[in-house]
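Peer 1: Okay, here's the structure, questions in a sec.
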Amino acid sequence: MTDTQTTPNTGPTEALAPVAPGRPAGDPDVARIDGLTEAVSAILPALDQFNRFEGPDRSSIRSEWLPALDEPLPEQGVGAEAVMALLRDVVIPRGLRVGHPGFVSWVTTAPSTTAAAGQLASAVISPQRWWLQPGNHLDTMAVRWLIELLGFPSTYVGTFTSGGSTANLVGIGGARQHAAEKLGIDAALDGIGAIPEPRIYASPETHHVVTRAMGVLGLGRRNLRTVGLDSARRADLRQMEAFIREDISAGRTPMAIVGNAGDVNTGIVDPLPEMAALAREFDLWFHVDGAYGGWGVLDERVEAAYGDRASYDSFAVDPHKWLAAPVGTGLAICRDGELLSRAFTIEPGAYDRERNQVADAVGDAESPWGSLGGGTADWGVDFSTPARGIPVWAVLKEIGAEGMRERVRRHNDFARIVADRARTEPELELLAEPQLSIACFRYRPAGWDDQERLNELNADILDELRRVGRSLPSSTNIDGAFAIRACYINPRNDREHVDMLVEDVLAVGRKLAAEA
């Protein structure tokens, strides 16, 4: 059939439109569906060059890349080769440098090499996670490996999510179902209208995704009861217990306690063993947010702070943080898979024949047409989802449990090195004692005592560090003080850049203080 011919009309509908111009000869679609090696090979040198992080950071120079990319929706496509050229020449060289060895800013990083390769493999061969196939097996095996690595009982279940935000939502969803069922209500089926004034308890350092989860789940963001911090900057348990007793007396519904396994501001771990005991005393759900700091349990020097993981009802952790999997990889772990299934049930449709046959033993199934694979869509909010566990499996297969333990210990050491320098340098001030891999400090010249003036100076120091682009920390606020915050989770972080950060802060601080 030529490009000008149409398919004969075989029914009441109009004849199909002519084949679109530009379609490769013999291809059923305008999009390129072959030549993957050629396409990937066209951009691999640019990706390798980007990962060397040489020269100035070009991502922030919008005038360089915006005119080449910003345009109306094209009526006619330019073809695969032109797209690869734009990726190679414009997009990739100006990417976000979160993998730079001096980047210690956010609690996210660029994927390691094997993780990136696993992501590509997953996108091509396992775009549907649940069906029986090698990608599904690697996905469910990666969950089991992480449950074991992080010290949970083998009876716990887990599911990959799009990140810590969704993983925390899954945990709070389990808490909602647990509290409702104690009242004889199925919250997922009937709603939460019959639950009197639900309450969840947490410290002010709890990540705001927890309150968003409460909003999404209909619990109400303002129903989080925030306790104060103790002298170690952890949740005040006496106040928490008082709040719980007060709410019980008032006829409200205490639902859950949320603990931080390393908050993202300072890396401090809440008193998790004591929080677990308090939750058991009042039969509350105990959820732990370990999206960043949950990996800290792999450092034997701080493991005791996490308590017995068998005391957790649910746990959120992000492989795309310290494990350096691709961003978009979270994990929710839960004690009770059956309760989680009730909380996130998705009923099968008429077209879901295989979902209705899931009772077939996976080990006996020979194809995705006979049975689903491991895991279930009833443990979270995703349905159609890739096998996010393939990159996780790739990383753990590459470095093993000990490789990950070594990384966590090394990064925790880096934060302690920065803290030691901040204690000993007369012009520096340590603002929070590091427990994990976050160090918070500031530049404080002799005779500078005004808080507002110090905050302005340190904000200017941070801006100058980012302009130079060698040392790239972030900031936070600790009791009103502007803190320069270094967070070590990047596998490319090395000792050279730890020392460089301190020296750069001193050099820039001296220069700006002299000018002031």
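Just remember, in the structure tokens the first chain shown is A, the second B, etc., residues are 1-based per chain, and ligands are 1-based in the order shown.
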Would you give me, as JSON lines, each residue of segment 74-159 of chain A having an atom within 10 Å of an atom of segment 438-441 of chain A, along with its shortest atom pair and that distance in Å to one decimal, using only C-alpha atoms and sorting by chain and residue number?
Peer 2:
{"residue": "A:Val104", "atom": "CA", "partner": "A:Ile438", "partner_atom": "CA", "distance": 8.9}
{"residue": "A:Ser105", "atom": "CA", "partner": "A:Ile438", "partner_atom": "CA", "distance": 9.8}
{"residue": "A:Val107", "atom": "CA", "partner": "A:Ile438", "partner_atom": "CA", "distance": 9.7}
Peer 1: Excluding segment 239-254 of chain A and any residue of its chain fewer than 4 positions from it, enumerate the residues within 9 Å of it, using only C-alpha atoms, and give them as a list in words.
Peer 2: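 These residues fall inside the cut-off: Ala179, Ile195, Pro196, Glu197, Pro198, Arg199, Ile200, Tyr201, Ala202, Ser203, Arg225, Thr226, Val227, Gly228, Ala235, Leu278, Phe282 and Leu284 of chain A.
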Peer 1: Nearest residue to Met404 of chain A out of A:Gly262, A:Pro271, A:Pro319, A:Gly79, using only C-alpha atoms?
Peer 2: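 The answer is A:Pro319, which sits nearest to Met404 of chain A.
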Peer 1: Name the residues in contact with Ala481 of chain A at a cut-off of 9 Å, using only C-alpha atoms, excluding same-chain residues fewer than 6 positions from it; report them as a VMD selection string.
Peer 2: chain A and resid 431 442 451 to 452 454 to 455
Peer 1: Name the closest residue to Glu456 of chain A among the candidates A:Ala516, A:Tyr488, A:Gly293, A:His411; distances are taken between atoms, counting only C-alpha atoms.
Peer 2: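 Smallest separation from Glu456 of chain A among the options: A:Ala516.
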Peer 1: Mind the document's chain letters and residue numbers, and return as JSON, numbers by chain the residues of segment 93-311 of chain A that DSSP labels alpha helix (DSSP H).
Peer 2: {"A": [113, 114, 115, 116, 117, 118, 119, 120, 121, 122, 123, 124, 125, 134, 135, 136, 137, 138, 139, 140, 141, 142, 143, 144, 145, 146, 147, 148, 149, 164, 165, 166, 167, 168, 169, 170, 171, 172, 173, 174, 175, 176, 177, 178, 179, 180, 181, 182, 187, 188, 189, 190, 208, 209, 210, 211, 212, 213, 214, 215, 216, 237, 238, 239, 240, 241, 242, 243, 244, 245, 246, 247, 248, 249, 272, 273, 274, 275, 276, 277, 278, 279, 280, 281]}
Peer 1: Do a neighbour search on Pro153 of chain A at 8 Å with only C-alpha atoms, toss out local chain neighbours closer than 5 positions, and write the hits as an mmCIF file with all heavy atoms, in the first residue's frame.
Peer 2:
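Result saved to selection.cif:
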data_model
loop_
_atom_site.group_PDB
_atom_site.id
_atom_site.type_symbol
_atom_site.label_atom_id
_atom_site.label_comp_id
_atom_site.auth_asym_id
_atom_site.auth_seq_id
_atom_site.Cartn_x
_atom_site.Cartn_y
_atom_site.Cartn_z
ATOM 1 N N ILE A 147 14.121 -5.917 52.742
ATOM 2 C CA ILE A 147 13.544 -6.272 54.036
ATOM 3 C C ILE A 147 14.599 -6.947 54.912
ATOM 4 O O ILE A 147 14.744 -6.630 56.101
ATOM 5 C CB ILE A 147 12.302 -7.168 53.836
ATOM 6 C CG1 ILE A 147 11.127 -6.325 53.322
ATOM 7 C CG2 ILE A 147 11.927 -7.899 55.121
ATOM 8 C CD1 ILE A 147 9.909 -7.130 52.928
ATOM 9 N N GLU A 148 15.370 -7.845 54.329
ATOM 10 C CA GLU A 148 16.438 -8.519 55.069
ATOM 11 C C GLU A 148 17.563 -7.553 55.420
ATOM 12 O O GLU A 148 18.044 -7.519 56.567
ATOM 13 C CB GLU A 148 16.996 -9.676 54.236
ATOM 14 C CG GLU A 148 18.159 -10.396 54.894
ATOM 15 C CD GLU A 148 18.750 -11.484 54.015
ATOM 16 O OE1 GLU A 148 18.166 -11.765 52.944
ATOM 17 O OE2 GLU A 148 19.803 -12.038 54.387
ATOM 18 N N ARG A 309 13.104 -3.579 64.556
ATOM 19 C CA ARG A 309 12.249 -3.296 63.414
ATOM 20 C C ARG A 309 10.960 -4.106 63.449
ATOM 21 O O ARG A 309 9.962 -3.741 62.824
ATOM 22 C CB ARG A 309 12.998 -3.541 62.099
ATOM 23 C CG ARG A 309 13.671 -2.296 61.537
ATOM 24 C CD ARG A 309 14.876 -1.887 62.321
ATOM 25 N NE ARG A 309 16.020 -2.718 61.997
ATOM 26 C CZ ARG A 309 17.055 -2.921 62.802
ATOM 27 N NH1 ARG A 309 17.079 -2.379 64.011
ATOM 28 N NH2 ARG A 309 18.086 -3.655 62.431
ATOM 29 N N ALA A 310 10.940 -5.193 64.208
ATOM 30 C CA ALA A 310 9.714 -5.967 64.364
ATOM 31 C C ALA A 310 8.658 -5.203 65.158
ATOM 32 O O ALA A 310 7.498 -5.619 65.208
ATOM 33 C CB ALA A 310 10.009 -7.302 65.047
#
Peer 1: Name the residues of segment 435-488 of chain A that come out as strand (DSSP E) in a backbone DSSP run; write them as an NGL selection string.
Peer 2: :A and (438-443 or 472-478 or 481-487)
Peer 1: Restrict the selected residues to N, CA, C and O atoms and save them as an mmCIF file, in the first residue's frame.
Peer 2:
data_model
loop_
_atom_site.group_PDB
_atom_site.id
_atom_site.type_symbol
_atom_site.label_atom_id
_atom_site.label_comp_id
_atom_site.auth_asym_id
_atom_site.auth_seq_id
_atom_site.Cartn_x
_atom_site.Cartn_y
_atom_site.Cartn_z
ATOM 1 N N ILE A 438 24.435 14.054 58.063
ATOM 2 C CA ILE A 438 24.167 15.476 57.876
ATOM 3 C C ILE A 438 24.941 16.278 58.911
ATOM 4 O O ILE A 438 24.885 15.973 60.105
ATOM 5 N N ALA A 439 25.654 17.293 58.445
ATOM 6 C CA ALA A 439 26.375 18.211 59.325
ATOM 7 C C ALA A 439 25.850 19.623 59.084
ATOM 8 O O ALA A 439 25.777 20.077 57.946
ATOM 9 N N CYS A 440 25.484 20.323 60.165
ATOM 10 C CA CYS A 440 24.947 21.684 60.077
ATOM 11 C C CYS A 440 25.855 22.619 60.865
ATOM 12 O O CYS A 440 26.058 22.440 62.073
ATOM 13 N N PHE A 441 26.385 23.630 60.202
ATOM 14 C CA PHE A 441 27.318 24.558 60.836
ATOM 15 C C PHE A 441 27.178 25.924 60.178
ATOM 16 O O PHE A 441 26.407 26.100 59.234
ATOM 17 N N ARG A 442 27.922 26.901 60.668
ATOM 18 C CA ARG A 442 27.918 28.215 60.039
ATOM 19 C C ARG A 442 29.249 28.910 60.255
ATOM 20 O O ARG A 442 30.041 28.536 61.124
ATOM 21 N N TYR A 443 29.475 29.927 59.454
ATOM 22 C CA TYR A 443 30.650 30.782 59.608
ATOM 23 C C TYR A 443 30.298 31.892 60.593
ATOM 24 O O TYR A 443 29.274 32.562 60.453
ATOM 25 N N LEU A 472 28.864 22.243 47.091
ATOM 26 C CA LEU A 472 27.449 22.547 46.854
ATOM 27 C C LEU A 472 26.587 22.028 47.998
ATOM 28 O O LEU A 472 25.871 21.028 47.870
ATOM 29 N N PRO A 473 26.630 22.698 49.163
ATOM 30 C CA PRO A 473 25.736 22.329 50.258
ATOM 31 C C PRO A 473 24.385 23.000 50.098
ATOM 32 O O PRO A 473 24.145 23.730 49.132
ATOM 33 N N SER A 474 23.487 22.752 51.055
ATOM 34 C CA SER A 474 22.205 23.451 51.105
ATOM 35 C C SER A 474 22.143 24.203 52.426
ATOM 36 O O SER A 474 23.168 24.462 53.061
ATOM 37 N N SER A 475 20.943 24.549 52.852
ATOM 38 C CA SER A 475 20.795 25.282 54.112
ATOM 39 C C SER A 475 19.586 24.757 54.857
ATOM 40 O O SER A 475 18.721 24.077 54.296
ATOM 41 N N THR A 476 19.523 25.077 56.141
ATOM 42 C CA THR A 476 18.331 24.851 56.940
ATOM 43 C C THR A 476 18.323 25.880 58.052
ATOM 44 O O THR A 476 19.240 26.702 58.171
ATOM 45 N N ASN A 477 17.289 25.862 58.867
ATOM 46 C CA ASN A 477 17.152 26.797 59.976
ATOM 47 C C ASN A 477 17.120 26.007 61.266
ATOM 48 O O ASN A 477 16.273 25.123 61.437
ATOM 49 N N ILE A 478 18.032 26.308 62.163
ATOM 50 C CA ILE A 478 18.089 25.611 63.453
ATOM 51 C C ILE A 478 17.959 26.638 64.564
ATOM 52 O O ILE A 478 18.866 27.443 64.795
ATOM 53 N N ALA A 481 18.780 30.076 63.528
ATOM 54 C CA ALA A 481 20.091 30.294 62.921
ATOM 55 C C ALA A 481 20.132 29.690 61.518
ATOM 56 O O ALA A 481 19.731 28.541 61.312
ATOM 57 N N PHE A 482 20.607 30.459 60.555
ATOM 58 C CA PHE A 482 20.796 29.978 59.192
ATOM 59 C C PHE A 482 21.996 29.035 59.195
ATOM 60 O O PHE A 482 23.116 29.427 59.518
ATOM 61 N N ALA A 483 21.765 27.778 58.845
ATOM 62 C CA ALA A 483 22.822 26.769 58.885
ATOM 63 C C ALA A 483 23.230 26.361 57.480
ATOM 64 O O ALA A 483 22.374 26.174 56.603
ATOM 65 N N ILE A 484 24.519 26.234 57.252
ATOM 66 C CA ILE A 484 25.029 25.577 56.049
ATOM 67 C C ILE A 484 24.946 24.080 56.305
ATOM 68 O O ILE A 484 25.506 23.583 57.281
ATOM 69 N N ARG A 485 24.236 23.381 55.434
ATOM 70 C CA ARG A 485 23.899 21.974 55.682
ATOM 71 C C ARG A 485 24.533 21.089 54.614
ATOM 72 O O ARG A 485 24.283 21.257 53.426
ATOM 73 N N ALA A 486 25.356 20.161 55.045
ATOM 74 C CA ALA A 486 25.983 19.189 54.143
ATOM 75 C C ALA A 486 25.384 17.822 54.406
ATOM 76 O O ALA A 486 25.411 17.331 55.540
ATOM 77 N N CYS A 487 24.829 17.191 53.371
ATOM 78 C CA CYS A 487 24.197 15.871 53.494
ATOM 79 C C CYS A 487 24.930 14.902 52.581
ATOM 80 O O CYS A 487 24.897 15.051 51.359
#
Peer 1: Of the candidates A:Leu96, A:Leu86, A:Ala194, A:Val381, which one gets nearest to Thr345 of chain A if we count only C-alpha atoms?
Peer 2: A:Val381
Peer 1: Mind pulling up the distance from atom CA of Thr166 of chain A to atom CA of Leu237 of chain A?
Peer 2: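 Between these atoms lies a distance of 26.7 Å.
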Peer 1: Which residues come within 7 Å of Arg234 of chain A, counting only C-alpha atoms, excluding same-chain residues fewer than 5 positions away, as an MDAnalysis selection string?
Peer 2: chainID A and resid 229 268:271
